[in-house]
Each structure stands twice: as C-alpha cells, then as structure tokens.
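> My questions will all concern the structure given below.
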Amino acid sequence: MADNNFILTGSKAVGGVDISPAVFMALCLQENDRRFAGYDSRLLRPTTTPAIARLFCWFTRKRHANTVEGAP
C-alpha cells in the first residue's frame, strides 16, 4: 500500500539536509530558471508561483537585514 503522507514522510528519503525556507525558495527559483532557460522565451511561462517565491525571498532578506542592523 502506498504511503498517503508522502509530503510528511518523503523527506526522509532525501535525508538529513537542514536548510531554511528562504534558502529552499532560492534554490527552487534557481532550478526554475535553469529548467526554463532551454525554452523559447516567447512561450508562456509560470509567473504566479515564482513571483510569490521571489516576494518571500525579498521579505526574508529585508527582515534578516533589519535584524542584523539592530543587533548589539
């Protein structure tokens, strides 16, 4: 019987990598750019999810910069 909770349990197969959500999003954006680089740029491409991921990365960088600036 297949595991219905793959999202929850499947990460164990990838194993042992502890990265922050911001780093994960940045890696996803890099992979997205790499995969779409081979296609004609005139073709429609997904825009909503990459835009949300870029916004997330922007906010986490800005938050991190404010935290570092305010550190004693």
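Chain labels A, B, ... are given in the sequence in which chains occur in the structure tokens; within each chain residues are numbered consecutively from 1, and ligands are likewise numbered from 1 in the order shown.
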Give me, as a list of chain:residue names, all polymer residues having an atom no more than 7 Å from stretch 19-33 of chain A, counting only C-alpha atoms and skipping those fewer than 6 positions away in the same chain.
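What passes the distance filter is A:Pro50, A:Ala53, A:Cys57, A:Thr60.
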> Please identify which residues in stretch 18-65 of chain A DSSP calls helix (DSSP H, G or I) from the backbone, and express them as a PyMOL selection string.
chain A and resi 21-36+48-65
> What separation in Å, quoted to one decimal, exists between atom CA of A:Phe56 and atom CA of A:Asp18?
18.8 Å
> Could you work out how far atom CA of A:Lys62 lies from atom CA of A:Ala37, giving the answer in Å with one decimal?
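It comes out at 28.0 Å.
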> What is the distance between atom CA of A:Ser41 and atom CA of A:Trp58, in Å to one decimal?
24.5 Å
